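Written out below as structure tokens is the structure these notes cover.
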Amino acid sequence: KFFQAVENEVYSALKSEKGFIELLCLGSDDYPDHAVVFTFWKTKSDAEAYYQKHAPLMDNLTKYAKKYDMEHYLVESSATFKIAEGKAA
């Protein structure tokens with residue numbers, strides 16, 4: 001249900017946002033109640049603007065996940081996604 005909610009509620013909102021590039025969800029075979037969701041943005045400021053505006057949307061996921069953490073990283077290299085070096089993730 002968590003991954004369906006991410007796809008239906010989060011991705012549908014993300015895809016029209018300024019600077020949004022991609023959403024990637026990872027589940028664990030060893031820990032079925034754990035998941036990692038990555039969003040990729042053109043800039044860190046694009047990501048921050050979205051999450052400040054849509055924090056309640058993320059809070060809706062707590063009905064499927066006990067907690068979530070948000071961290072920002074820069075993509076230093078990507079052979080798969082062809083994301084330019086230095087883009088926010």
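Letters A, B, ... mark the chains of the structure tokens in the order given; residue numbers begin at 1 per chain; ligand numbers begin at 1, in order shown.
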
Residue set, chain A restricted to helix (DSSP H, G or I), as a tab-separated table (two decimals) with N, CA, C and O atoms, in the first residue's frame:
```tsv
chain	number	residue	atom	x	y	z
A	2	PHE	N	2.00	1.19	0.67
A	2	PHE	CA	2.89	2.35	0.72
A	2	PHE	C	3.32	2.76	-0.69
A	2	PHE	O	3.24	3.93	-1.06
A	3	PHE	N	3.77	1.79	-1.48
A	3	PHE	CA	4.27	2.11	-2.81
A	3	PHE	C	3.15	2.61	-3.72
A	3	PHE	O	3.37	3.48	-4.56
A	4	GLN	N	1.95	2.08	-3.56
A	4	GLN	CA	0.81	2.58	-4.32
A	4	GLN	C	0.51	4.03	-3.93
A	4	GLN	O	0.21	4.85	-4.79
A	5	ALA	N	0.60	4.33	-2.65
A	5	ALA	CA	0.36	5.70	-2.19
A	5	ALA	C	1.41	6.65	-2.73
A	5	ALA	O	1.10	7.77	-3.16
A	6	VAL	N	2.66	6.21	-2.73
A	6	VAL	CA	3.73	7.05	-3.29
A	6	VAL	C	3.45	7.33	-4.76
A	6	VAL	O	3.52	8.47	-5.21
A	7	GLU	N	3.10	6.30	-5.49
A	7	GLU	CA	2.84	6.47	-6.92
A	7	GLU	C	1.60	7.33	-7.17
A	7	GLU	O	1.62	8.25	-7.98
A	8	ASN	N	0.52	7.04	-6.45
A	8	ASN	CA	-0.75	7.73	-6.71
A	8	ASN	C	-0.80	9.14	-6.13
A	8	ASN	O	-1.35	10.04	-6.76
A	9	GLU	N	-0.26	9.33	-4.93
A	9	GLU	CA	-0.38	10.62	-4.27
A	9	GLU	C	0.83	11.52	-4.48
A	9	GLU	O	0.70	12.70	-4.75
A	10	VAL	N	2.01	10.94	-4.35
A	10	VAL	CA	3.22	11.75	-4.41
A	10	VAL	C	3.68	11.98	-5.85
A	10	VAL	O	3.87	13.11	-6.28
A	11	TYR	N	3.84	10.90	-6.61
A	11	TYR	CA	4.33	11.05	-7.98
A	11	TYR	C	3.42	11.92	-8.82
A	11	TYR	O	3.89	12.78	-9.58
A	12	SER	N	2.12	11.74	-8.68
A	12	SER	CA	1.19	12.54	-9.48
A	12	SER	C	1.35	14.03	-9.17
A	12	SER	O	1.19	14.87	-10.06
A	13	ALA	N	1.67	14.37	-7.92
A	13	ALA	CA	1.90	15.77	-7.56
A	13	ALA	C	3.28	16.24	-8.03
A	13	ALA	O	3.45	17.38	-8.45
A	14	LEU	N	4.26	15.37	-7.97
A	14	LEU	CA	5.64	15.74	-8.31
A	14	LEU	C	5.85	16.02	-9.79
A	14	LEU	O	6.57	16.95	-10.15
A	44	LYS	N	18.77	22.00	-5.66
A	44	LYS	CA	18.35	21.83	-4.28
A	44	LYS	C	17.21	22.79	-3.95
A	44	LYS	O	16.28	22.44	-3.24
A	45	SER	N	17.28	23.99	-4.48
A	45	SER	CA	16.22	24.97	-4.19
A	45	SER	C	14.87	24.53	-4.77
A	45	SER	O	13.83	24.79	-4.17
A	46	ASP	N	14.86	23.84	-5.92
A	46	ASP	CA	13.61	23.29	-6.46
A	46	ASP	C	13.02	22.27	-5.50
A	46	ASP	O	11.82	22.27	-5.23
A	47	ALA	N	13.86	21.40	-4.97
A	47	ALA	CA	13.40	20.37	-4.03
A	47	ALA	C	12.88	21.01	-2.75
A	47	ALA	O	11.80	20.66	-2.27
A	48	GLU	N	13.62	21.95	-2.22
A	48	GLU	CA	13.21	22.59	-0.97
A	48	GLU	C	11.90	23.36	-1.15
A	48	GLU	O	11.03	23.31	-0.27
A	49	ALA	N	11.74	24.02	-2.27
A	49	ALA	CA	10.49	24.77	-2.53
A	49	ALA	C	9.31	23.82	-2.57
A	49	ALA	O	8.25	24.10	-2.01
A	50	TYR	N	9.47	22.67	-3.22
A	50	TYR	CA	8.38	21.70	-3.28
A	50	TYR	C	8.02	21.19	-1.89
A	50	TYR	O	6.86	21.16	-1.50
A	51	TYR	N	9.02	20.75	-1.12
A	51	TYR	CA	8.74	20.14	0.17
A	51	TYR	C	8.22	21.13	1.21
A	51	TYR	O	7.47	20.76	2.09
A	52	GLN	N	8.58	22.39	1.09
A	52	GLN	CA	8.01	23.40	1.99
A	52	GLN	C	6.53	23.60	1.67
A	52	GLN	O	5.71	23.76	2.57
A	53	LYS	N	6.21	23.59	0.39
A	53	LYS	CA	4.83	23.81	-0.04
A	53	LYS	C	3.94	22.60	0.18
A	53	LYS	O	2.76	22.73	0.45
A	55	ALA	N	4.48	19.82	2.39
A	55	ALA	CA	4.77	19.00	3.57
A	55	ALA	C	3.57	18.15	3.99
A	55	ALA	O	3.74	16.98	4.34
A	56	PRO	N	2.33	18.68	3.97
A	56	PRO	CA	1.18	17.83	4.36
A	56	PRO	C	1.02	16.59	3.48
A	56	PRO	O	0.59	15.54	3.95
A	57	LEU	N	1.37	16.69	2.21
A	57	LEU	CA	1.29	15.53	1.32
A	57	LEU	C	2.23	14.43	1.82
A	57	LEU	O	1.86	13.26	1.86
A	58	MET	N	3.42	14.81	2.24
A	58	MET	CA	4.36	13.83	2.76
A	58	MET	C	3.85	13.24	4.08
A	58	MET	O	4.01	12.07	4.35
A	59	ASP	N	3.23	14.08	4.90
A	59	ASP	CA	2.70	13.61	6.17
A	59	ASP	C	1.59	12.57	5.96
A	59	ASP	O	1.38	11.72	6.83
A	60	ASN	N	0.89	12.62	4.83
A	60	ASN	CA	-0.14	11.62	4.54
A	60	ASN	C	0.44	10.21	4.46
A	60	ASN	O	-0.28	9.24	4.66
A	61	LEU	N	1.71	10.10	4.15
A	61	LEU	CA	2.34	8.78	4.02
A	61	LEU	C	2.54	8.11	5.38
A	61	LEU	O	2.82	6.92	5.44
A	62	THR	N	2.40	8.86	6.47
A	62	THR	CA	2.61	8.26	7.79
A	62	THR	C	1.56	7.21	8.13
A	62	THR	O	1.76	6.42	9.03
A	63	LYS	N	0.46	7.18	7.39
A	63	LYS	CA	-0.50	6.09	7.62
A	63	LYS	C	0.04	4.77	7.08
A	63	LYS	O	-0.46	3.71	7.45
```

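Between atom CA of Lys66 of chain A and atom CA of Ser28 of chain A the separation is 15.7 Å.
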
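Relative to atom CA of Pro32 of chain A, atom CA of Glu71 of chain A is found at 21.7 Å.
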
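Residues with any atom within 10 Å of Leu26 of chain A, counting only C-alpha atoms and excluding same-chain neighbours fewer than 3 positions away, are Phe3, Asp29, His34, Ala35, Val36, Val37 and Phe38 of chain A.
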
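The nearest approach to Glu17 of chain A among the residues A:Lys67, A:Thr39, A:Asp30, A:Val75, with only C-alpha atoms taken into account, belongs to A:Thr39.
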
*What is the distance, in Å and to one decimal place, between atom CA of Tyr68 of chain A and atom CA of Phe20 of chain A?*
20.1 Å
